[in-house]
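**Q** Supplied structure: protein-v8.tsv, TSV, C-alpha atoms (C1' of nucleotides).
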```tsv
chain	number	residue	atom	x	y	z
A	20	MET	CA	105.14	108.03	80.34
A	21	ASN	CA	101.92	107.09	78.65
A	22	SER	CA	98.57	108.64	79.35
A	23	GLU	CA	97.49	105.79	81.52
A	24	SER	CA	100.38	106.11	83.91
A	25	ILE	CA	99.95	109.87	83.96
A	26	ALA	CA	96.38	109.43	85.02
A	27	TYR	CA	97.52	106.89	87.55
A	28	SER	CA	100.17	108.97	89.17
A	29	SER	CA	98.03	112.07	89.26
A	30	GLN	CA	95.40	110.10	91.10
A	31	ARG	CA	93.89	112.09	93.91
A	32	GLU	CA	95.09	111.66	97.43
A	33	SER	CA	92.90	109.29	99.31
A	34	LEU	CA	90.88	110.59	102.20
A	35	GLY	CA	93.16	109.14	104.86
A	36	ILE	CA	96.24	110.92	103.63
A	37	LEU	CA	94.46	114.13	102.75
A	38	LEU	CA	92.92	114.47	106.18
A	39	GLY	CA	96.32	113.93	107.72
A	40	LEU	CA	97.89	116.60	105.54
A	41	VAL	CA	95.21	119.16	106.26
A	42	ARG	CA	95.22	118.49	109.94
A	43	ALA	CA	99.00	118.70	110.17
A	44	GLU	CA	98.87	122.03	108.39
A	45	ILE	CA	96.25	123.36	110.77
A	46	VAL	CA	98.29	122.22	113.76
A	47	ARG	CA	101.41	123.88	112.39
A	48	THR	CA	99.60	127.10	111.60
A	49	MET	CA	97.89	127.25	114.97
A	50	GLU	CA	101.08	126.58	116.90
A	51	ALA	CA	102.81	129.28	114.91
A	52	GLU	CA	100.02	131.75	115.73
A	53	ILE	CA	100.24	130.84	119.39
A	54	ALA	CA	104.01	131.17	119.46
A	55	ALA	CA	103.72	134.52	117.69
A	56	LYS	CA	101.80	135.76	120.71
A	57	GLY	CA	104.64	134.70	122.95
A	58	LEU	CA	102.57	131.89	124.43
A	59	GLU	CA	103.89	128.39	125.09
A	60	LEU	CA	101.20	125.91	124.23
A	61	ARG	CA	101.03	122.85	122.05
A	62	PHE	CA	98.01	122.19	119.90
A	63	THR	CA	96.73	119.52	122.27
A	64	GLN	CA	96.77	121.95	125.16
A	65	PHE	CA	95.08	124.53	123.03
A	66	LEU	CA	92.30	122.05	122.32
A	67	ILE	CA	91.86	121.23	125.98
A	68	LEU	CA	91.53	124.88	126.93
A	69	LYS	CA	89.19	125.52	124.05
A	70	ARG	CA	86.95	122.69	124.99
A	71	LEU	CA	86.78	123.76	128.61
A	72	ALA	CA	86.18	127.36	127.66
A	73	ARG	CA	83.34	126.48	125.32
A	74	GLN	CA	81.65	123.59	127.05
A	75	GLY	CA	82.38	124.44	130.65
A	76	PRO	CA	83.65	122.08	133.37
A	77	MET	CA	83.68	118.36	132.66
A	78	GLY	CA	85.41	115.14	133.65
A	79	ALA	CA	88.80	114.01	132.41
A	80	THR	CA	87.48	111.09	130.43
A	81	GLU	CA	84.91	113.14	128.58
A	82	LEU	CA	87.51	115.78	127.92
A	83	ALA	CA	89.95	113.17	126.65
A	84	ARG	CA	87.43	111.66	124.30
A	85	SER	CA	86.39	115.02	122.98
A	86	VAL	CA	89.89	115.87	121.87
A	87	GLU	CA	90.79	112.32	120.84
A	88	LEU	CA	93.41	111.84	123.51
A	89	ASP	CA	94.33	108.83	125.60
A	90	GLY	CA	93.27	108.94	129.26
A	91	GLY	CA	96.80	108.60	130.52
A	92	ALA	CA	98.02	111.36	128.28
A	93	MET	CA	95.18	113.52	129.52
A	94	THR	CA	96.26	113.10	133.13
A	95	ARG	CA	99.70	114.44	132.22
A	96	GLN	CA	98.35	117.34	130.25
A	97	LEU	CA	96.12	118.24	133.17
A	98	ASP	CA	99.13	118.05	135.49
A	99	GLN	CA	100.91	120.57	133.33
A	100	LEU	CA	98.04	122.92	132.77
A	101	GLU	CA	97.10	122.78	136.43
A	102	SER	CA	100.66	123.46	137.58
A	103	ARG	CA	100.72	126.45	135.29
A	104	GLY	CA	97.54	127.67	136.90
A	105	TYR	CA	95.19	127.46	133.94
A	106	LEU	CA	92.79	124.90	135.37
A	107	ARG	CA	91.66	123.20	138.54
A	108	ARG	CA	90.74	119.61	139.37
A	109	CYS	CA	87.66	119.81	141.56
A	110	PRO	CA	85.92	116.80	143.06
A	111	HIS	CA	82.79	115.74	141.22
A	112	ALA	CA	79.71	116.35	143.33
A	113	GLN	CA	77.95	113.03	142.66
A	114	ASP	CA	80.76	110.70	141.62
A	115	ARG	CA	83.74	110.40	143.88
A	116	ARG	CA	85.83	108.68	141.23
A	117	ALA	CA	85.51	111.54	138.84
A	118	LEU	CA	86.85	115.03	138.48
A	119	ARG	CA	85.26	118.23	137.51
A	120	ILE	CA	87.89	120.09	135.58
A	121	GLU	CA	87.37	123.79	135.27
A	122	LEU	CA	89.30	126.74	134.00
A	123	THR	CA	90.74	129.17	136.51
A	124	ASP	CA	90.39	132.88	135.90
A	125	GLU	CA	93.87	132.75	134.49
A	126	GLY	CA	92.83	129.97	132.15
A	127	THR	CA	89.84	131.97	131.00
A	128	ALA	CA	92.05	134.98	130.42
A	129	LEU	CA	94.43	132.83	128.41
A	130	TRP	CA	91.61	131.56	126.30
A	131	ARG	CA	90.59	135.10	125.49
A	132	GLN	CA	94.01	135.56	123.95
A	133	LEU	CA	93.76	132.27	122.12
A	134	THR	CA	90.39	133.06	120.60
A	135	ASP	CA	92.23	135.34	118.32
A	136	CYS	CA	94.58	132.61	117.07
A	137	ASN	CA	91.66	130.28	116.68
A	138	ASP	CA	89.70	132.72	114.58
A	139	ARG	CA	92.62	133.67	112.39
A	140	VAL	CA	93.57	130.10	111.60
A	141	LEU	CA	90.03	129.01	110.86
A	142	LYS	CA	89.53	132.01	108.70
A	143	ALA	CA	92.73	131.38	106.80
A	144	ALA	CA	91.90	127.71	106.35
A	145	GLN	CA	88.46	128.39	104.99
A	146	ARG	CA	89.20	131.49	103.02
A	147	SER	CA	88.75	129.78	99.68
A	148	LEU	CA	85.38	128.34	100.65
A	149	ASN	CA	82.15	130.29	100.59
A	150	ALA	CA	79.55	130.01	103.31
A	151	THR	CA	77.72	127.16	101.66
A	152	GLU	CA	80.89	125.23	101.05
A	153	ARG	CA	81.99	125.65	104.63
A	154	LYS	CA	78.74	124.21	105.83
A	155	GLN	CA	79.03	121.36	103.38
A	156	LEU	CA	82.58	120.55	104.39
A	157	HIS	CA	81.51	120.43	107.99
A	158	ASP	CA	78.49	118.36	107.22
A	159	TYR	CA	80.41	115.87	105.11
A	160	LEU	CA	83.07	115.41	107.74
A	161	GLU	CA	80.47	114.74	110.37
A	162	ARG	CA	78.74	112.25	108.13
A	163	VAL	CA	82.02	110.45	107.51
A	164	LEU	CA	82.68	110.39	111.23
A	165	HIS	CA	79.32	108.87	111.98
A	166	ALA	CA	79.59	106.41	109.12
A	167	LEU	CA	82.82	105.08	110.62
A	168	ARG	CA	81.63	105.08	114.20
A	169	ASP	CA	78.28	103.43	113.69
A	170	LYS	CA	79.41	100.51	111.64
A	171	ASP	CA	75.94	98.97	111.82
B	11	MET	CA	70.34	126.58	131.09
B	12	ASN	CA	68.94	129.30	128.90
B	13	SER	CA	68.51	129.13	125.17
B	14	GLU	CA	71.65	131.09	124.53
B	15	SER	CA	73.87	128.71	126.42
B	16	ILE	CA	72.19	125.77	124.76
B	17	ALA	CA	72.99	127.20	121.38
B	18	TYR	CA	76.49	127.86	122.58
B	19	SER	CA	77.21	124.41	123.86
B	20	SER	CA	75.80	122.73	120.80
B	21	GLN	CA	78.12	124.77	118.65
B	22	ARG	CA	79.66	122.73	115.89
B	23	GLU	CA	83.08	121.26	116.26
B	24	SER	CA	85.66	123.46	114.70
B	25	LEU	CA	87.56	122.21	111.73
B	26	GLY	CA	90.73	121.43	113.66
B	27	ILE	CA	89.04	119.09	116.06
B	28	LEU	CA	86.74	117.55	113.52
B	29	LEU	CA	89.58	116.67	111.18
B	30	GLY	CA	91.42	115.07	114.06
B	31	LEU	CA	88.41	113.00	115.02
B	32	VAL	CA	87.77	111.80	111.51
B	33	ARG	CA	91.38	110.99	110.86
B	34	ALA	CA	91.74	109.10	114.14
B	35	GLU	CA	88.68	107.07	113.24
B	36	ILE	CA	90.07	106.24	109.83
B	37	VAL	CA	93.38	105.19	111.35
B	38	ARG	CA	91.63	102.97	113.87
B	39	THR	CA	89.41	101.39	111.28
B	40	MET	CA	92.26	100.77	108.86
B	41	GLU	CA	94.48	99.24	111.52
B	42	ALA	CA	91.63	97.00	112.58
B	43	GLU	CA	91.11	95.87	108.98
B	44	ILE	CA	94.82	95.17	108.61
B	45	ALA	CA	94.99	93.25	111.87
B	46	ALA	CA	91.92	91.27	110.84
B	47	LYS	CA	93.95	89.95	107.91
B	48	GLY	CA	96.62	88.78	110.32
B	49	LEU	CA	99.04	91.45	109.11
B	50	GLU	CA	101.24	93.49	111.41
B	51	LEU	CA	101.38	97.02	110.10
B	52	ARG	CA	100.75	100.41	111.56
B	53	PHE	CA	98.89	103.05	109.63
B	54	THR	CA	102.10	104.93	108.86
B	55	GLN	CA	103.65	101.86	107.32
B	56	PHE	CA	100.51	101.24	105.39
B	57	LEU	CA	100.77	104.76	103.96
B	58	ILE	CA	104.38	104.26	102.96
B	59	LEU	CA	103.63	101.05	101.13
B	60	LYS	CA	100.61	102.59	99.48
B	61	ARG	CA	102.53	105.57	98.26
B	62	LEU	CA	105.32	103.41	96.84
B	63	ALA	CA	102.86	101.05	95.22
B	64	ARG	CA	100.96	103.86	93.56
B	65	GLN	CA	103.67	106.35	92.68
B	66	GLY	CA	106.58	103.99	92.14
B	67	PRO	CA	110.12	104.40	93.49
B	68	MET	CA	111.11	107.70	95.05
B	69	GLY	CA	113.52	109.24	97.55
B	70	ALA	CA	113.10	109.15	101.30
B	71	THR	CA	112.50	112.86	101.65
B	72	GLU	CA	109.79	112.98	99.05
B	73	LEU	CA	108.22	109.90	100.59
B	74	ALA	CA	108.38	111.47	104.03
B	75	ARG	CA	106.75	114.67	102.88
B	76	SER	CA	104.04	112.83	101.04
B	77	VAL	CA	102.91	111.03	104.17
B	78	GLU	CA	103.58	113.96	106.50
B	79	LEU	CA	106.36	112.24	108.40
B	80	ASP	CA	109.61	113.56	109.79
B	81	GLY	CA	112.78	112.57	107.91
B	82	GLY	CA	114.29	110.87	110.92
B	83	ALA	CA	111.16	108.89	111.57
B	84	MET	CA	111.14	107.86	107.92
B	85	THR	CA	114.63	106.43	108.18
B	86	ARG	CA	113.47	104.17	111.00
B	87	GLN	CA	110.33	103.09	109.20
B	88	LEU	CA	112.41	102.25	106.17
B	89	ASP	CA	114.77	100.23	108.38
B	90	GLN	CA	111.86	98.19	109.58
B	91	LEU	CA	110.14	97.70	106.28
B	92	GLU	CA	113.44	96.86	104.59
B	93	SER	CA	114.39	94.35	107.26
B	94	ARG	CA	111.04	92.70	106.79
B	95	GLY	CA	111.74	92.46	103.09
B	96	TYR	CA	109.04	94.77	101.78
B	97	LEU	CA	111.27	97.38	100.19
B	98	ARG	CA	114.79	98.10	99.05
B	99	ARG	CA	117.04	101.15	99.31
B	100	CYS	CA	118.71	101.53	95.93
B	101	PRO	CA	121.25	104.20	95.12
B	102	HIS	CA	119.86	107.11	93.15
B	103	ALA	CA	121.28	107.15	89.64
B	104	GLN	CA	122.00	110.89	89.42
B	105	ASP	CA	122.25	111.98	93.05
B	106	ARG	CA	124.61	110.11	95.30
B	107	ARG	CA	123.14	111.59	98.43
B	108	ALA	CA	119.72	110.27	97.67
B	109	LEU	CA	117.99	106.94	97.71
B	110	ARG	CA	115.61	105.34	95.34
B	111	ILE	CA	113.25	103.39	97.49
B	112	GLU	CA	111.33	100.67	95.76
B	113	LEU	CA	109.02	97.88	96.73
B	114	THR	CA	110.30	94.34	96.54
B	115	ASP	CA	108.11	91.66	95.02
B	116	GLU	CA	107.12	90.77	98.53
B	117	GLY	CA	106.18	94.37	99.16
B	118	THR	CA	104.07	94.45	96.04
B	119	ALA	CA	102.39	91.24	97.07
B	120	LEU	CA	101.69	92.69	100.49
B	121	TRP	CA	100.16	95.75	98.93
B	122	ARG	CA	97.81	93.57	96.91
B	123	GLN	CA	96.46	92.29	100.20
B	124	LEU	CA	96.22	95.77	101.61
B	125	THR	CA	94.29	97.15	98.66
B	126	ASP	CA	91.38	95.31	100.03
B	127	CYS	CA	91.59	97.00	103.42
B	128	ASN	CA	92.07	100.34	101.76
B	129	ASP	CA	88.99	99.93	99.61
B	130	ARG	CA	86.81	98.70	102.41
B	131	VAL	CA	87.70	101.53	104.76
B	132	LEU	CA	87.28	104.24	102.16
B	133	LYS	CA	84.01	102.77	101.12
B	134	ALA	CA	82.78	102.62	104.70
B	135	ALA	CA	83.93	106.16	105.40
B	136	GLN	CA	82.20	107.60	102.37
B	137	ARG	CA	79.13	105.45	102.38
B	138	SER	CA	76.84	108.27	103.41
B	139	LEU	CA	78.11	110.57	100.67
B	140	ASN	CA	77.02	110.39	97.08
B	141	ALA	CA	79.42	110.74	94.17
B	142	THR	CA	79.07	114.51	93.97
B	143	GLU	CA	79.55	114.95	97.69
B	144	ARG	CA	82.66	112.80	97.67
B	145	LYS	CA	84.17	114.95	94.97
B	146	GLN	CA	83.22	118.08	96.86
B	147	LEU	CA	84.69	116.83	100.10
B	148	HIS	CA	87.92	116.07	98.34
B	149	ASP	CA	87.93	119.35	96.55
B	150	TYR	CA	87.22	121.36	99.68
B	151	LEU	CA	89.95	119.62	101.62
B	152	GLU	CA	92.47	120.33	98.91
B	153	ARG	CA	91.42	123.94	98.82
B	154	VAL	CA	91.84	124.23	102.57
B	155	LEU	CA	95.25	122.62	102.28
B	156	HIS	CA	96.37	125.06	99.64
B	157	ALA	CA	94.89	128.01	101.47
B	158	LEU	CA	97.01	127.14	104.49
B	159	ARG	CA	100.16	126.34	102.57
B	160	ASP	CA	100.19	129.36	100.31
B	161	LYS	CA	99.59	132.00	102.90
B	162	ASP	CA	99.41	134.68	100.25
C	12	DC	C1'	74.19	93.08	151.87
C	13	DA	C1'	77.86	90.50	149.05
C	14	DC	C1'	79.65	89.89	144.58
C	15	DA	C1'	80.50	90.72	140.01
C	16	DT	C1'	81.09	94.04	136.63
C	17	DA	C1'	81.81	98.63	134.78
C	18	DT	C1'	83.86	103.28	134.94
C	19	DA	C1'	87.26	107.34	136.37
C	20	DT	C1'	91.74	108.44	137.20
C	21	DT	C1'	96.58	107.62	137.79
C	22	DT	C1'	101.03	105.47	136.93
C	23	DG	C1'	104.64	102.68	134.54
C	24	DC	C1'	106.43	101.20	130.39
C	25	DC	C1'	107.32	101.40	125.63
C	26	DT	C1'	106.86	103.08	120.81
C	27	DT	C1'	106.55	106.74	117.63
C	28	DG	C1'	107.71	110.94	115.98
C	29	DA	C1'	109.82	115.75	116.28
C	30	DC	C1'	113.98	118.39	116.41
C	31	DA	C1'	118.78	119.10	116.04
C	32	DA	C1'	123.46	117.75	114.91
C	33	DA	C1'	126.49	115.10	111.86
C	34	DT	C1'	127.84	113.52	107.35
C	35	DA	C1'	127.86	113.25	102.47
C	36	DT	C1'	126.91	115.17	98.27
C	37	DA	C1'	125.02	118.67	95.05
C	38	DC	C1'	124.58	123.33	93.37
C	39	DT	C1'	125.82	128.37	92.90
C	40	DT	C1'	128.73	132.08	92.72
C	41	DC	C1'	132.84	134.41	92.42
D	3	DG	C1'	137.54	125.27	90.87
D	4	DA	C1'	137.20	126.97	95.77
D	5	DA	C1'	133.92	128.62	99.07
D	6	DG	C1'	129.62	128.97	100.63
D	7	DT	C1'	125.00	127.36	100.66
D	8	DA	C1'	121.39	123.97	100.08
D	9	DT	C1'	119.67	119.20	100.18
D	10	DA	C1'	119.44	113.86	101.37
D	11	DT	C1'	120.03	110.71	104.79
D	12	DT	C1'	121.25	109.06	109.30
D	13	DT	C1'	121.66	109.17	114.30
D	14	DG	C1'	120.99	110.87	119.13
D	15	DT	C1'	117.92	112.74	122.30
D	16	DC	C1'	113.64	113.92	124.14
D	17	DA	C1'	108.67	114.56	124.66
D	18	DA	C1'	103.99	112.94	123.60
D	19	DG	C1'	100.87	109.47	123.36
D	20	DG	C1'	99.19	104.53	123.45
D	21	DC	C1'	98.39	100.51	126.25
D	22	DA	C1'	98.05	97.89	130.35
D	23	DA	C1'	97.97	97.44	135.32
D	24	DA	C1'	96.62	99.48	139.73
D	25	DT	C1'	93.33	101.85	142.61
D	26	DA	C1'	89.06	103.82	143.93
D	27	DT	C1'	84.38	104.08	143.43
D	28	DA	C1'	79.92	103.17	141.23
D	29	DT	C1'	76.26	100.17	139.58
D	30	DG	C1'	73.67	96.02	138.89
D	31	DT	C1'	72.22	91.26	140.50
D	32	DG	C1'	71.14	87.65	143.34
```
Any chance you could put this one into structure tokens?

**A**
Amino acid sequence: MNSESIAYSSQRESLGILLGLVRAEIVRTMEAEIAAKGLELRFTQFLILKRLARQGPMGATELARSVELDGGAMTRQLDQLESRGYLRRCPHAQDRRALRIELTDEGTALWRQLTDCNDRVLKAAQRSLNATERKQLHDYLERVLHALRDKD
Amino acid sequence: MNSESIAYSSQRESLGILLGLVRAEIVRTMEAEIAAKGLELRFTQFLILKRLARQGPMGATELARSVELDGGAMTRQLDQLESRGYLRRCPHAQDRRALRIELTDEGTALWRQLTDCNDRVLKAAQRSLNATERKQLHDYLERVLHALRDKD
DNA sequence: CACATATATTTGCCTTGACAAATATACTTC
DNA sequence: GAAGTATATTTGTCAAGGCAAATATATGTG
């Protein structure tokens, strides 16, 4: 193997792949943390609860978009989480098409347990980055996101 | 809404969500670019071809791990890509369990078309980052990946 | 107001991928 | 080299998610 092909094969992962790898690892780690607490929740459900806990009640579509989930898939996740008693579908005051999805007390209590998993995973993930680097990583990712979304 | 709750609700996306959003956007953009060329390929298949084109022939398991795909799912993707003539399953010289998966000429030709998509999407994604920032983003992501994989 | 268009949610259908079991082969140890 | 263990690939099964159609309601226009 000559130096050129060495350089070639050791080429860095492109952004697309790398993001996928990191995300998959975060999902795995988070689900392991959750399971270790004896809780039965997939990452998607974790995200839904997190979003509701942090942002408060909102509609299904907004919720779906915020966790990058299809509307149909969201309906089914809500079915599950509602049947387990973690959230409620309330009618929206102004818009009779829409829902106002809110955590129940049980859901809020569950989130309190999950906070712990959340913190541990984020801490583990970022442990090799200092405060400045964490900010930068965040900032860069948001800039990439906007660059792709606003394709002028 | 008081100032505290404002600060709370404008809290930054956590890494898990943000990575998912960015990745989803990259997948969408790439698939749109591919479709715009009249090609029929999902992002996963794109990744498989890319990996083979860049790293050369390799086994199915290694390929699967490199694109973060389950082994079973890989078998089916290989079925498809092989039936469409883009790659070949050759027997591995030393290990009779394993495969040596390699691109056909047609596969290589296809990749030449895809390079274009690849470049355009990466360029678009990173357009608001300068050279240093791109390197940092890459570096940070790899550090996060390793931090999660080698849990001390 | 009537009509056309847009949005929120649900449901059906289908594809993709995860997980586990089966099979074949390699490696390790006694 | 026989037995046990580990790895590569394939296949079956199932759940999750994407897409499109259906329904209900909202909004904008003449």

**Q** Using 12 Å as the limit and counting all atoms listed in the file, can you tabulate each residue of region 29-135 of chain B that touches region 8-26 of chain D, with its shortest atom-to-atom distance in Å and the two atoms involved, as JSON lines?

**A**
```
{"residue": "B:Gly69", "atom": "CA", "partner": "D:DA10", "partner_atom": "C1'", "distance": 8.4}
{"residue": "B:Ala70", "atom": "CA", "partner": "D:DA10", "partner_atom": "C1'", "distance": 7.9}
{"residue": "B:Thr71", "atom": "CA", "partner": "D:DA10", "partner_atom": "C1'", "distance": 7.0}
{"residue": "B:Glu72", "atom": "CA", "partner": "D:DA10", "partner_atom": "C1'", "distance": 10.0}
{"residue": "B:Leu73", "atom": "CA", "partner": "D:DA10", "partner_atom": "C1'", "distance": 11.9}
{"residue": "B:Ala74", "atom": "CA", "partner": "D:DA10", "partner_atom": "C1'", "distance": 11.6}
{"residue": "B:Asp80", "atom": "CA", "partner": "D:DT11", "partner_atom": "C1'", "distance": 11.9}
{"residue": "B:Gly81", "atom": "CA", "partner": "D:DT11", "partner_atom": "C1'", "distance": 8.1}
{"residue": "B:Gly82", "atom": "CA", "partner": "D:DT12", "partner_atom": "C1'", "distance": 7.4}
{"residue": "B:Ala83", "atom": "CA", "partner": "D:DT12", "partner_atom": "C1'", "distance": 10.3}
{"residue": "B:Met84", "atom": "CA", "partner": "D:DT11", "partner_atom": "C1'", "distance": 9.8}
{"residue": "B:Thr85", "atom": "CA", "partner": "D:DT12", "partner_atom": "C1'", "distance": 7.2}
{"residue": "B:Arg86", "atom": "CA", "partner": "D:DT12", "partner_atom": "C1'", "distance": 9.3}
{"residue": "B:Leu88", "atom": "CA", "partner": "D:DT11", "partner_atom": "C1'", "distance": 11.5}
{"residue": "B:Asp89", "atom": "CA", "partner": "D:DT12", "partner_atom": "C1'", "distance": 11.0}
{"residue": "B:Arg99", "atom": "CA", "partner": "D:DT11", "partner_atom": "C1'", "distance": 11.4}
{"residue": "B:Pro101", "atom": "CA", "partner": "D:DA10", "partner_atom": "C1'", "distance": 11.6}
{"residue": "B:His102", "atom": "CA", "partner": "D:DA10", "partner_atom": "C1'", "distance": 10.6}
{"residue": "B:Asp105", "atom": "CA", "partner": "D:DA10", "partner_atom": "C1'", "distance": 9.0}
{"residue": "B:Arg106", "atom": "CA", "partner": "D:DA10", "partner_atom": "C1'", "distance": 8.8}
{"residue": "B:Arg107", "atom": "CA", "partner": "D:DA10", "partner_atom": "C1'", "distance": 5.2}
{"residue": "B:Ala108", "atom": "CA", "partner": "D:DA10", "partner_atom": "C1'", "distance": 5.2}
{"residue": "B:Leu109", "atom": "CA", "partner": "D:DA10", "partner_atom": "C1'", "distance": 8.0}
{"residue": "B:Arg110", "atom": "CA", "partner": "D:DA10", "partner_atom": "C1'", "distance": 11.1}
```

**Q** Can you tell me which residues surround Ser24 (chain B) at a distance of at most 12 Å, considering only C-alpha atoms (C1' of nucleotides), apart from same-chain residues fewer than 3 positions away, and format the answer as a list in words?

**A**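 Once the nearby chain positions are removed, what remains is Arg42, Ile45, Leu66, Lys69, Arg70, Arg73, Ser85, Val86, Asn137, Asp138, Val140, Leu141, Lys142, Ala144, Gln145, Arg153, Lys154, Leu156, His157, Asp158, Leu160 and Glu161 of chain A; Ser20, Gln21, Ile27, Leu28, Leu29, Gly30 and Leu31 of chain B.
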
**Q** Show me, as a PyMOL selection string, every residue of chain A with an atom at most 6 Å from chain B, counting all atoms listed in the file.

**A** chain A and resi 28+41+74+144-145+163-164+166-167

**Q** Between C1' of DA28 (chain D) and C1' of DT18 (chain C), what distance in Å does the model show, to one decimal?

**A**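 C1' of DA28 (chain D) sits 7.4 Å away from C1' of DT18 (chain C).
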
**Q** Quick one: pull the distance between CA of Ile44 (chain B) and CA of Leu62 (chain B), Å, one decimal.

**A**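 Taking CA of Ile44 (chain B) as the start and CA of Leu62 (chain B) as the end point, the length is 17.8 Å.
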
**Q** So, with only C-alpha atoms (C1' of nucleotides) as the atoms that count, which of A:Gln113, A:Leu100, A:Glu125, A:Ile67 lies closest to chain D?

**A** A:Gln113

**Q** Neighbourhood query: residues within 7 Å of (108.6, 97.6, 96.6), file coordinates, counting only C-alpha atoms (C1' of nucleotides); return as a list in words.

**A**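 The residues near that point, listed by chain and number, are Leu62, Ala63, Tyr96, Leu97, Arg98, Glu112, Leu113, Thr114, Asp115, Gly117 and Thr118 of chain B.
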
**Q** Hey, can you check how far CA of Glu52 (chain A) sits from C1' of DT27 (chain C)?

**A**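 Separating CA of Glu52 (chain A) from C1' of DT27 (chain C) is a distance of 25.9 Å.
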
**Q** Sorted by chain and rising residue number, list the residues of chain C at most 9 Å from chain B (counting only C-alpha atoms (C1' of nucleotides)), each with its closest atom pair and distance in Å to one decimal, as a Markdown table.

**A**
```
| residue | atom | partner | partner_atom | distance |
| --- | --- | --- | --- | --- |
| C:DT27 | C1' | B:Ala83 | CA | 7.9 |
| C:DG28 | C1' | B:Ala83 | CA | 6.0 |
| C:DA29 | C1' | B:Asp80 | CA | 6.9 |
| C:DA35 | C1' | B:Arg107 | CA | 6.4 |
| C:DT36 | C1' | B:Arg107 | CA | 5.2 |
| C:DA37 | C1' | B:Asp105 | CA | 7.5 |
```

**Q** Report the centre and edge lengths, in Å to one decimal, of an axis-aligned box enclosing every atom of region 7-16 of chain D listed in the file, padded by 8 Å on each side, as AutoDock Vina command-line options.

**A**
```
--center_x 119.3 --center_y 118.2 --center_z 112.1 --size_x 27.4 --size_y 34.3 --size_z 40.1
```
